[in-house]
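Student: So here's run01.csv (CSV, C-alpha atoms and all ligand atoms).
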chain,number,residue,atom,x,y,z
A,828,MET,CA,77.2,-70.3,-8.9
A,829,GLN,CA,79.9,-69.4,-6.4
A,830,ARG,CA,83.3,-68.6,-7.8
A,831,LYS,CA,86.0,-70.5,-6.1
A,832,SER,CA,89.0,-68.6,-4.7
A,833,ALA,CA,92.5,-70.0,-4.7
A,834,GLY,CA,92.7,-69.7,-1.0
A,835,LYS,CA,95.2,-67.9,1.1
A,836,GLY,CA,98.7,-67.7,-0.4
A,837,LYS,CA,97.8,-69.8,-3.4
A,838,THR,CA,97.9,-68.6,-6.9
A,839,LEU,CA,95.2,-69.7,-9.4
A,840,PRO,CA,96.2,-72.2,-12.0
A,841,ALA,CA,96.7,-70.3,-15.3
A,842,HIS,CA,93.7,-71.8,-17.0
A,843,SER,CA,91.2,-71.9,-14.1
A,844,PRO,CA,87.9,-70.0,-14.4
A,845,GLY,CA,89.2,-67.7,-11.7
A,846,ALA,CA,92.2,-66.7,-13.8
A,847,PHE,CA,89.9,-66.0,-16.7
A,848,PHE,CA,87.8,-63.6,-14.7
A,849,SER,CA,90.7,-61.8,-13.2
A,850,THR,CA,92.4,-61.2,-16.5
A,851,HIS,CA,89.4,-60.7,-18.8
A,852,PRO,CA,87.0,-58.1,-17.5
A,853,SER,CA,83.6,-57.9,-19.1
A,854,ARG,CA,81.0,-55.1,-19.8
A,855,ALA,CA,78.8,-57.1,-17.4
A,856,ASP,CA,81.1,-56.1,-14.6
A,857,THR,CA,80.2,-52.4,-15.1
A,858,PHE,CA,76.7,-52.6,-13.7
A,859,THR,CA,74.8,-54.5,-11.1
A,860,GLU,CA,71.7,-56.7,-11.4
A,861,SER,CA,68.4,-55.0,-11.5
A,862,VAL,CA,67.4,-53.9,-8.0
A,863,ILE,CA,63.7,-53.8,-9.0
A,864,ARG,CA,63.8,-57.5,-10.0
A,865,GLU,CA,65.9,-58.3,-7.0
A,866,MET,CA,63.2,-56.8,-4.7
A,867,THR,CA,60.6,-59.1,-6.4
A,868,ARG,CA,62.7,-62.1,-5.4
A,869,LEU,CA,63.1,-60.8,-1.9
A,870,ALA,CA,59.4,-60.2,-1.7
A,871,LEU,CA,58.7,-63.8,-2.8
A,872,ASN,CA,61.2,-65.1,-0.2
A,873,HIS,CA,59.5,-63.2,2.6
A,874,ASN,CA,55.9,-63.7,1.4
A,875,ALA,CA,55.7,-59.9,1.2
A,876,ILE,CA,53.3,-57.8,-0.9
A,877,ASN,CA,55.3,-56.7,-4.0
A,878,LEU,CA,54.9,-53.0,-4.4
A,879,ALA,CA,58.4,-53.0,-5.9
A,880,GLN,CA,58.2,-54.2,-9.5
A,881,GLY,CA,55.6,-52.4,-11.6
A,882,PHE,CA,53.3,-55.2,-12.9
A,883,PRO,CA,49.6,-55.8,-12.3
A,884,ASP,CA,48.4,-58.6,-10.0
A,885,PHE,CA,45.0,-58.4,-11.7
A,886,PRO,CA,44.0,-60.1,-15.0
A,887,CYS,CA,44.5,-58.6,-18.5
A,888,PRO,CA,41.4,-58.0,-20.6
A,889,MET,CA,39.4,-61.1,-21.6
A,890,GLU,CA,39.7,-60.1,-25.3
A,891,LEU,CA,43.5,-60.5,-25.1
A,892,LYS,CA,43.4,-63.9,-23.4
A,893,ALA,CA,40.9,-65.2,-26.0
A,894,ALA,CA,43.0,-63.8,-28.9
A,895,ALA,CA,46.2,-65.4,-27.5
A,896,CYS,CA,44.5,-68.8,-27.1
A,897,GLU,CA,43.1,-68.6,-30.6
A,898,ALA,CA,46.4,-67.6,-32.1
A,899,VAL,CA,48.1,-70.7,-30.6
A,900,LYS,CA,45.2,-72.9,-31.8
A,901,ASP,CA,45.4,-71.3,-35.3
A,902,ASP,CA,49.0,-72.4,-35.5
A,903,ILE,CA,50.5,-68.9,-35.3
A,904,ASN,CA,53.4,-70.7,-33.6
A,905,GLN,CA,56.4,-70.0,-35.9
A,906,TYR,CA,58.5,-66.9,-36.3
A,907,ALA,CA,56.7,-63.8,-37.4
A,908,ILE,CA,58.5,-61.4,-39.8
A,909,THR,CA,61.6,-60.3,-37.8
A,910,TRP,CA,60.4,-56.7,-37.5
A,911,GLY,CA,56.9,-57.6,-36.6
A,912,ALA,CA,53.8,-59.3,-38.0
A,913,LYS,CA,52.3,-57.2,-40.8
A,914,ASP,CA,48.8,-57.0,-39.2
A,915,LEU,CA,50.2,-55.8,-36.0
A,916,ARG,CA,52.4,-53.1,-37.6
A,917,GLU,CA,49.4,-51.9,-39.6
A,918,ALA,CA,47.2,-51.7,-36.5
A,919,LEU,CA,49.9,-49.9,-34.6
A,920,ALA,CA,50.4,-47.3,-37.4
A,921,LYS,CA,46.6,-46.5,-37.2
A,922,ARG,CA,46.6,-46.3,-33.4
A,923,VAL,CA,49.7,-44.1,-33.2
A,924,LYS,CA,48.3,-41.7,-35.8
A,925,LYS,CA,45.1,-41.4,-33.9
A,926,PHE,CA,46.5,-41.1,-30.3
A,927,ASN,CA,50.0,-39.7,-30.8
A,928,GLY,CA,49.4,-37.7,-33.9
A,929,MET,CA,52.4,-39.2,-35.8
A,930,ASP,CA,52.6,-41.0,-39.2
A,931,PHE,CA,54.6,-44.1,-39.5
A,932,ASN,CA,54.8,-46.4,-42.5
A,933,PRO,CA,54.2,-49.9,-41.2
A,934,GLU,CA,56.5,-51.4,-43.9
A,935,THR,CA,59.5,-49.3,-43.2
A,936,GLU,CA,59.2,-47.4,-39.9
A,937,ILE,CA,57.9,-49.8,-37.2
A,938,THR,CA,59.8,-52.5,-35.4
A,939,VAL,CA,58.0,-54.9,-33.0
A,940,THR,CA,60.4,-55.9,-30.2
A,941,CYS,CA,60.6,-58.0,-27.1
A,942,GLY,CA,59.1,-55.4,-24.8
A,943,SER,CA,60.2,-51.8,-24.6
A,944,THR,CA,63.3,-53.1,-22.9
A,945,GLU,CA,64.6,-54.5,-26.1
A,946,ALA,CA,63.4,-51.5,-28.1
A,947,MET,CA,65.5,-49.2,-25.9
A,948,MET,CA,68.6,-51.5,-26.1
A,949,ALA,CA,68.3,-52.0,-29.8
A,950,SER,CA,67.8,-48.2,-30.3
A,951,MET,CA,70.9,-47.4,-28.3
A,952,LEU,CA,73.0,-50.0,-30.1
A,953,ALA,CA,71.7,-48.7,-33.4
A,954,ILE,CA,72.8,-45.1,-32.9
A,955,ILE,CA,75.6,-45.0,-30.2
A,956,GLN,CA,79.3,-45.6,-30.8
A,957,PRO,CA,81.5,-46.2,-27.8
A,958,GLY,CA,82.3,-42.9,-26.2
A,959,ASP,CA,79.3,-41.0,-27.6
A,960,GLU,CA,77.4,-39.1,-24.9
A,961,VAL,CA,73.8,-39.6,-24.0
A,962,VAL,CA,71.9,-37.2,-21.9
A,963,VAL,CA,69.8,-38.9,-19.3
A,964,PRO,CA,67.5,-37.0,-16.9
A,965,GLU,CA,67.8,-38.1,-13.3
A,966,PRO,CA,66.1,-39.9,-11.6
A,967,PHE,CA,65.7,-42.4,-14.4
A,968,TYR,CA,64.3,-45.9,-14.9
A,969,GLU,CA,67.1,-48.2,-13.8
A,970,ASN,CA,67.5,-50.0,-17.2
A,971,TYR,CA,68.9,-46.9,-18.8
A,972,GLY,CA,72.2,-47.1,-16.8
A,973,PRO,CA,73.1,-50.6,-18.0
A,974,ASP,CA,71.7,-49.8,-21.5
A,975,ALA,CA,74.3,-47.0,-21.7
A,976,GLN,CA,77.1,-49.3,-20.4
A,977,ILE,CA,76.2,-52.1,-22.9
A,978,SER,CA,76.1,-49.7,-25.8
A,979,GLY,CA,79.4,-48.0,-24.8
A,980,ALA,CA,77.7,-44.7,-24.2
A,981,ALA,CA,79.0,-42.1,-21.8
A,982,PRO,CA,75.9,-41.0,-19.9
A,983,ARG,CA,75.5,-37.4,-18.9
A,984,PHE,CA,73.0,-37.3,-16.1
A,985,VAL,CA,70.9,-34.1,-15.8
A,986,PRO,CA,69.0,-33.7,-12.5
A,987,LEU,CA,65.4,-32.8,-12.8
A,988,ALA,CA,64.3,-29.8,-10.7
A,989,ASP,CA,62.8,-30.4,-7.2
A,990,ASP,CA,59.3,-30.5,-8.7
A,991,PHE,CA,60.7,-32.9,-11.4
A,992,SER,CA,60.4,-30.3,-14.2
A,993,ILE,CA,63.2,-29.6,-16.7
A,994,ASP,CA,66.0,-27.4,-15.5
A,995,GLU,CA,66.7,-25.6,-18.7
A,996,GLU,CA,70.2,-24.3,-17.7
A,997,ALA,CA,71.3,-27.9,-16.7
A,998,TRP,CA,70.0,-29.3,-20.0
A,999,LYS,CA,71.8,-26.6,-22.1
A,1000,ALA,CA,75.1,-27.3,-20.2
A,1001,ALA,CA,74.7,-31.1,-20.7
A,1002,PHE,CA,75.0,-30.9,-24.5
A,1003,THR,CA,78.5,-31.2,-26.0
A,1004,LYS,CA,79.9,-32.0,-29.5
A,1005,LYS,CA,79.8,-35.7,-28.5
A,1006,THR,CA,76.0,-35.7,-27.6
A,1007,ARG,CA,74.4,-38.3,-29.9
A,1008,ALA,CA,71.2,-39.0,-28.1
A,1009,ILE,CA,68.9,-38.0,-25.2
A,1010,ILE,CA,66.6,-40.3,-23.3
A,1011,ILE,CA,63.1,-39.0,-22.4
A,1012,ASN,CA,60.6,-41.0,-20.4
A,1013,THR,CA,57.1,-39.5,-20.1
A,1014,PRO,CA,55.0,-40.2,-18.1
A,1015,ASN,CA,58.0,-40.7,-16.0
A,1016,ASN,CA,59.2,-43.7,-14.0
A,1017,PRO,CA,59.8,-43.2,-11.0
A,1018,THR,CA,58.6,-39.6,-10.5
A,1019,GLY,CA,55.3,-39.7,-12.3
A,1020,LYS,CA,56.1,-36.5,-14.0
A,1021,VAL,CA,54.3,-35.9,-17.3
A,1022,PHE,CA,56.5,-33.5,-19.4
A,1023,THR,CA,54.6,-30.5,-20.8
A,1024,LYS,CA,54.6,-29.3,-24.4
A,1025,LYS,CA,56.8,-26.4,-23.3
A,1026,GLU,CA,59.4,-28.6,-21.7
A,1027,LEU,CA,59.4,-31.0,-24.7
A,1028,SER,CA,59.7,-28.2,-27.2
A,1029,PHE,CA,62.7,-26.8,-25.3
A,1030,ILE,CA,64.4,-30.3,-25.4
A,1031,ALA,CA,63.4,-30.7,-29.1
A,1032,ASP,CA,65.1,-27.4,-29.9
A,1033,LEU,CA,68.3,-28.6,-28.2
A,1034,CYS,CA,68.2,-31.8,-30.1
A,1035,ILE,CA,67.8,-30.0,-33.4
A,1036,ASP,CA,70.5,-27.5,-32.6
A,1037,HIS,CA,73.0,-30.3,-31.7
A,1038,ASN,CA,71.9,-32.8,-34.3
A,1039,THR,CA,70.9,-35.3,-31.7
A,1040,VAL,CA,68.4,-38.1,-31.6
A,1041,ALA,CA,65.7,-38.3,-28.9
A,1042,ILE,CA,64.9,-41.8,-27.7
A,1043,THR,CA,61.6,-41.5,-25.9
A,1044,ASP,CA,60.1,-44.2,-23.7
A,1045,GLU,CA,56.3,-43.6,-23.6
A,1046,ILE,CA,55.2,-46.9,-22.1
A,1047,TYR,CA,52.9,-45.2,-19.6
A,1048,GLU,CA,51.3,-42.9,-22.2
A,1049,HIS,CA,47.7,-44.0,-21.3
A,1050,ILE,CA,48.2,-43.7,-17.5
A,1051,VAL,CA,47.8,-40.0,-16.8
A,1052,TYR,CA,45.7,-38.1,-14.2
A,1053,ASP,CA,44.1,-34.8,-13.3
A,1054,GLY,CA,43.8,-33.6,-16.9
A,1055,HIS,CA,47.5,-34.0,-17.7
A,1056,LYS,CA,48.1,-34.7,-21.4
A,1057,HIS,CA,50.6,-37.1,-22.8
A,1058,ILE,CA,52.7,-35.5,-25.7
A,1059,SER,CA,55.1,-37.4,-27.9
A,1060,ILE,CA,58.2,-35.4,-28.5
A,1061,GLY,CA,58.4,-37.0,-32.0
A,1062,SER,CA,55.2,-35.2,-32.9
A,1063,LEU,CA,56.9,-31.8,-32.5
A,1064,PRO,CA,58.1,-29.9,-35.6
A,1065,GLY,CA,61.5,-30.9,-36.7
A,1066,MET,CA,61.6,-34.1,-34.6
A,1067,GLU,CA,60.1,-36.5,-37.2
A,1068,ASP,CA,63.4,-37.8,-38.5
A,1069,ARG,CA,65.4,-37.6,-35.2
A,1070,THR,CA,63.1,-39.4,-32.7
A,1071,ILE,CA,62.7,-43.0,-31.8
A,1072,THR,CA,59.4,-43.5,-30.0
A,1073,ILE,CA,59.2,-46.5,-27.8
A,1074,GLY,CA,56.0,-48.1,-26.7
A,1075,SER,CA,54.7,-51.4,-25.4
A,1076,PHE,CA,51.6,-53.5,-24.7
A,1077,SER,CA,52.9,-54.3,-21.2
A,1078,LYS,CA,51.4,-51.5,-19.1
A,1079,THR,CA,48.5,-50.4,-21.2
A,1080,TYR,CA,47.0,-53.8,-21.5
A,1081,SER,CA,48.4,-55.4,-18.3
A,1082,VAL,CA,50.5,-58.0,-20.1
A,1083,THR,CA,54.0,-57.3,-18.8
A,1084,GLY,CA,55.0,-61.0,-19.3
A,1085,TRP,CA,54.1,-61.1,-23.0
A,1086,ARG,CA,57.2,-59.0,-23.9
A,1087,VAL,CA,55.7,-57.2,-26.9
A,1088,GLY,CA,56.9,-53.7,-27.5
A,1089,TYR,CA,57.9,-51.5,-30.4
A,1090,ALA,CA,60.1,-48.8,-31.7
A,1091,LEU,CA,58.8,-46.2,-34.2
A,1092,ALA,CA,61.3,-44.1,-36.2
A,1093,ASP,CA,61.9,-42.8,-39.7
A,1094,THR,CA,63.2,-45.3,-42.3
A,1095,ALA,CA,66.9,-44.5,-41.9
A,1096,LEU,CA,66.8,-45.0,-38.1
A,1097,THR,CA,64.5,-48.0,-38.4
A,1098,ASP,CA,66.9,-49.7,-40.9
A,1099,ARG,CA,69.5,-49.7,-38.2
A,1100,ILE,CA,67.2,-50.7,-35.4
A,1101,ARG,CA,65.8,-53.6,-37.4
A,1102,LYS,CA,69.3,-55.0,-38.0
A,1103,ILE,CA,70.2,-54.9,-34.4
A,1104,HIS,CA,66.8,-56.3,-33.3
A,1105,ASP,CA,67.1,-59.2,-35.8
A,1106,PHE,CA,70.3,-60.4,-34.4
A,1107,LEU,CA,69.4,-59.8,-30.8
A,1108,THR,CA,66.1,-61.7,-30.7
A,1109,VAL,CA,64.9,-62.5,-34.2
A,1110,GLY,CA,61.4,-61.4,-33.1
A,1111,ALA,CA,58.8,-61.1,-30.5
A,1112,PRO,CA,56.5,-64.1,-29.7
A,1113,ALA,CA,54.3,-64.6,-32.8
A,1114,PRO,CA,51.0,-65.7,-31.2
A,1115,LEU,CA,51.2,-62.8,-28.8
A,1116,GLN,CA,51.8,-60.4,-31.6
A,1117,ARG,CA,48.5,-61.7,-33.1
A,1118,ALA,CA,46.8,-61.1,-29.7
A,1119,CYS,CA,48.1,-57.6,-29.6
A,1120,VAL,CA,46.2,-56.8,-32.7
A,1121,ALA,CA,43.0,-57.6,-30.7
A,1122,ALA,CA,44.3,-55.2,-28.0
A,1123,LEU,CA,44.5,-52.4,-30.5
A,1124,GLU,CA,40.8,-53.1,-31.4
A,1125,LEU,CA,39.6,-52.4,-27.9
A,1126,PRO,CA,37.2,-49.4,-27.8
A,1127,GLU,CA,38.3,-45.9,-26.8
A,1128,SER,CA,36.4,-46.4,-23.5
A,1129,TYR,CA,39.1,-49.0,-22.5
A,1130,TYR,CA,41.8,-46.3,-22.2
A,1131,LYS,CA,39.6,-44.0,-20.2
A,1132,GLY,CA,38.7,-46.8,-17.9
A,1133,LEU,CA,42.3,-47.7,-17.4
A,1134,ALA,CA,43.2,-44.2,-16.3
A,1135,VAL,CA,40.1,-44.1,-13.9
A,1136,GLU,CA,41.1,-47.4,-12.4
A,1137,TYR,CA,44.7,-46.3,-11.8
A,1138,ASP,CA,43.5,-42.9,-10.4
A,1139,ARG,CA,41.6,-44.8,-7.7
A,1140,LYS,CA,44.5,-47.0,-6.9
A,1141,ARG,CA,46.8,-43.9,-6.8
A,1142,GLN,CA,44.5,-42.4,-4.1
A,1143,ILE,CA,44.4,-45.5,-2.0
A,1144,LEU,CA,48.2,-45.9,-1.9
A,1145,TYR,CA,48.8,-42.1,-1.5
A,1146,LYS,CA,46.5,-41.9,1.6
A,1147,GLY,CA,48.1,-45.0,3.1
A,1148,LEU,CA,51.6,-43.7,2.7
A,1149,LYS,CA,50.8,-40.3,4.0
A,1150,LYS,CA,49.1,-41.8,7.0
A,1151,VAL,CA,52.3,-43.5,8.2
A,1152,GLY,CA,54.6,-40.6,7.5
A,1153,PHE,CA,56.0,-40.9,4.0
A,1154,ALA,CA,56.5,-37.5,2.3
A,1155,CYS,CA,55.1,-37.7,-1.2
A,1156,ASP,CA,52.9,-36.0,-3.8
A,1157,LEU,CA,50.3,-37.5,-6.1
A,1158,PRO,CA,52.0,-38.5,-9.3
A,1159,GLU,CA,50.8,-36.8,-12.6
A,1160,GLY,CA,51.1,-40.1,-14.5
A,1161,ALA,CA,52.5,-43.7,-14.6
A,1162,TYR,CA,51.8,-46.0,-11.6
A,1163,TYR,CA,54.4,-45.2,-9.0
A,1164,ILE,CA,54.7,-43.0,-5.9
A,1165,PHE,CA,58.2,-41.7,-5.3
A,1166,THR,CA,58.4,-41.0,-1.6
A,1167,ASP,CA,60.9,-39.2,0.6
A,1168,ILE,CA,61.9,-41.3,3.7
A,1169,SER,CA,64.2,-38.8,5.4
A,1170,SER,CA,62.0,-38.7,8.5
A,1171,PHE,CA,62.4,-42.5,9.1
A,1172,GLY,CA,66.2,-42.1,9.7
A,1173,MET,CA,67.2,-45.1,7.6
A,1174,SER,CA,68.9,-45.4,4.2
A,1175,ASP,CA,66.8,-46.4,1.3
A,1176,THR,CA,68.3,-49.9,1.1
A,1177,ALA,CA,68.1,-50.5,4.9
A,1178,PHE,CA,64.6,-49.2,5.0
A,1179,ALA,CA,63.5,-51.3,2.0
A,1180,ARG,CA,64.9,-54.4,3.6
A,1181,HIS,CA,63.3,-53.5,6.9
A,1182,LEU,CA,59.9,-53.1,5.2
A,1183,VAL,CA,60.1,-56.5,3.5
A,1184,GLU,CA,61.2,-58.3,6.6
A,1185,THR,CA,59.1,-56.6,9.3
A,1186,ALA,CA,56.0,-55.3,7.5
A,1187,GLY,CA,55.9,-57.7,4.6
A,1188,VAL,CA,55.8,-54.9,1.9
A,1189,ALA,CA,58.4,-54.5,-0.8
A,1190,ALA,CA,59.4,-51.2,-2.4
A,1191,VAL,CA,62.4,-50.1,-4.5
A,1192,PRO,CA,65.3,-48.2,-2.9
A,1193,GLY,CA,65.5,-44.8,-4.5
A,1194,SER,CA,69.3,-45.1,-5.3
A,1195,SER,CA,68.3,-47.5,-8.1
A,1196,PHE,CA,67.1,-44.5,-10.0
A,1197,TYR,CA,70.2,-42.4,-9.6
A,1198,HIS,CA,73.8,-42.8,-10.6
A,1199,THR,CA,74.7,-41.2,-7.3
A,1200,GLY,CA,72.2,-40.3,-4.5
A,1201,GLY,CA,68.6,-41.3,-4.0
A,1202,GLU,CA,69.2,-42.7,-0.6
A,1203,THR,CA,66.4,-40.7,0.9
A,1204,LYS,CA,63.8,-42.1,-1.6
A,1205,LEU,CA,61.7,-45.2,-1.9
A,1206,ARG,CA,59.4,-46.1,-4.8
A,1207,PHE,CA,56.1,-47.9,-4.4
A,1208,THR,CA,53.9,-49.1,-7.3
A,1209,PHE,CA,50.1,-49.0,-7.2
A,1210,SER,CA,49.6,-51.4,-10.2
A,1211,LYS,CA,47.8,-53.8,-7.9
A,1212,LYS,CA,44.3,-54.8,-7.0
A,1213,ASP,CA,42.6,-52.4,-4.5
A,1214,GLU,CA,42.5,-55.1,-1.9
A,1215,THR,CA,46.3,-55.7,-2.3
A,1216,LEU,CA,46.9,-52.0,-1.8
A,1217,ILE,CA,44.6,-51.8,1.2
A,1218,GLU,CA,46.4,-54.7,2.8
A,1219,ALA,CA,49.8,-53.2,2.1
A,1220,CYS,CA,48.7,-49.9,3.7
A,1221,ARG,CA,47.5,-51.8,6.7
A,1222,ARG,CA,50.8,-53.6,7.0
A,1223,LEU,CA,52.7,-50.3,6.7
A,1224,GLU,CA,50.9,-49.1,9.8
A,1225,THR,CA,52.8,-51.7,11.8
A,1226,ILE,CA,56.3,-50.4,10.9
A,1227,ASP,CA,58.6,-49.0,13.6
A,1228,GLY,CA,58.8,-45.2,13.2
A,1229,SER,CA,55.3,-45.1,11.8
A,1230,ARG,CA,53.5,-41.9,12.9
A,1231,ALA,CA,50.1,-43.6,12.7
A,1301,LIG,N1,59.0,-51.0,-15.4
A,1301,LIG,C1,58.7,-51.8,-14.2
A,1301,LIG,C2,59.3,-51.1,-13.0
A,1301,LIG,O1,59.9,-50.1,-13.1
A,1301,LIG,C3,59.1,-53.2,-14.4
A,1301,LIG,C4,60.6,-53.3,-14.6
A,1301,LIG,C5,61.0,-54.6,-15.0
A,1301,LIG,O2,61.3,-55.4,-14.2
A,1301,LIG,N2,61.0,-54.9,-16.3
A,1301,LIG,O3,59.1,-51.6,-12.0
Is it possible to express this structure as structure tokens?
Tutor:
Amino acid sequence: MQRKSAGKGKTLPAHSPGAFFSTHPSRADTFTESVIREMTRLALNHNAINLAQGFPDFPCPMELKAAACEAVKDDINQYAITWGAKDLREALAKRVKKFNGMDFNPETEITVTCGSTEAMMASMLAIIQPGDEVVVPEPFYENYGPDAQISGAAPRFVPLADDFSIDEEAWKAAFTKKTRAIIINTPNNPTGKVFTKKELSFIADLCIDHNTVAITDEIYEHIVYDGHKHISIGSLPGMEDRTITIGSFSKTYSVTGWRVGYALADTALTDRIRKIHDFLTVGAPAPLQRACVAALELPESYYKGLAVEYDRKRQILYKGLKKVGFACDLPEGAYYIFTDISSFGMSDTAFARHLVETAGVAAVPGSSFYHTGGETKLRFTFSKKDETLIEACRRLETIDGSRA
């Protein structure tokens, strides 16, 4: 809705909505709308291929669809327990023990949330007091900026090195007496970096020395390539009671619209997270929680197949981008290629708009992943059908400035 201005020379009546906005600022004024979601709307308006927002355009596994339908038919249609249905928490505890090597008591240490987005927000609200500092590696997934603003955190952005590895000196310098938490995202969005055990151990030691909590977003844990191995920082010695591990069904099982995620943490942290979660959302959708139990029953071959599928998609998009002059490397994990667009001579936002309008392909401007900077970057997702990616690459060959 458009806000009305009083017009030239007129003052707003004392009780007009305009007067309210000018005298009562809001935390919502401190950040912008999601650029990723905005690019999706722009893509729809221009009938463009959406390589902006990271969600699949292919179906989720049949087993999940069948389980969701069954759950609705079986009348699993009322609230689940606020912190998650018991069968789902029990299945998650088993899976996390097997895959991530961590033990969580389903009764006291697991909270099922509305996606990893809510898990992150609830975690930050649970441990941050206004003015506390939170270390955020940059570039970062764009939600973390508003999450910090909403929770009142003062973010301290620490640039990753040029190859996206951890710059140890910068990390050491970022910790102060006020540092309450750090945010880790591995495999990383947007860079594709998979943090190594050495890097995570270095960060873990800093957290222990400074009595700091690690909030780790591991939503892409099953999407890794070339022998890279996903490691949960919470599995490292001394991190058991100071880590909140966030995961989700969205990316692993191609159900981003279901909004089922989770936060894993020791009892004391979980007590706080559960209270925040309860009053934020009450709970994640009950029938879909039931269907997520079926997801966790898929055989091990499912996860291997997922990584193989995404590896092929990664190669298709990478070759297409290279062909038309984008500077990029193959990502180690997740499903994005973070490109350098310096050679095209346009800013990230201008180029993103140009691509949607003239080529019919949407990407995310790099500046969405930085508090300052990123104007020479553009992020493309390859979480799409092969044919979608092939068509997108064909369209990219038509852009002005293409070196094809
Ligand atoms: N994580 C996905 C991305 O980075 C989707 C973000 C979202 O809109 N929730 O594109």
Student: Produce as a list in words the set of residues near ligand LIG 1301 (chain A), where near means within 6 Å with all atoms listed in the file considered.
Tutor: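 I would give the residues around ligand LIG 1301 (chain A) as Ile863, Arg864, Gln880 and Gly881 of chain A.
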Student: Please provide the set of residues having any atom within 12 Å of Leu1144 of chain A, restricted to all atoms listed in the file, with same-chain residues fewer than 2 positions apart removed, written as an MDAnalysis selection string.
Tutor: chainID A and resid 878 1137:1142 1146:1151 1153 1155:1158 1162:1166 1206:1221 1223
Student: Pick the closest to Lys892 of chain A from A:Arg1117, A:Lys1005, A:Arg854, A:His1057: which is it, counting all atoms listed in the file?
Tutor: A:Arg1117
Student: For the atom pair atom CA of Ala1090 of chain A and atom CA of Asp994 of chain A, what is the interatomic distance in Å to one decimal place?
Tutor: 27.5 Å
Student: Could you name the residues that touch Ser1059 of chain A at 12 Å or less, counting only C-alpha atoms, but leaving out those on the same chain fewer than 2 positions away, as an MDAnalysis selection string?
Tutor: chainID A and resid 923:924 926:929 1011:1014 1021:1024 1026:1028 1030:1031 1041:1049 1056:1057 1061:1064 1066:1067 1070:1074 1091
Student: May I have the residues within 9 Å of Met948 of chain A as a ChimeraX atom specification, using all atoms listed in the file and disregarding those fewer than 2 positions away in the same chain?
Tutor: /A:943-946,950-953,971,974-975,977-978,1104
Student: Quick check, in Å to one decimal: how far apart do atom CA of Gly979 of chain A and atom CA of Ser861 of chain A lie?
Tutor: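 Straight-line distance from atom CA of Gly979 of chain A to atom CA of Ser861 of chain A works out to 18.6 Å.
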Student: With distances taken over all atoms listed in the file, which of A:Ile876, A:Phe885, A:Glu860, A:Cys1034 is nearest to Ala1189 of chain A?
Tutor: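 Once distances to Ala1189 of chain A are computed over all atoms listed in the file, the minimum belongs to A:Ile876.
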Student: Using all atoms listed in the file, which of the listed residues (A:Ser1075, A:Asn970, A:Thr935, A:Thr909) sits closest to Phe1106 of chain A?
Tutor: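 Of all the options, A:Thr909 lies closest to Phe1106 of chain A.
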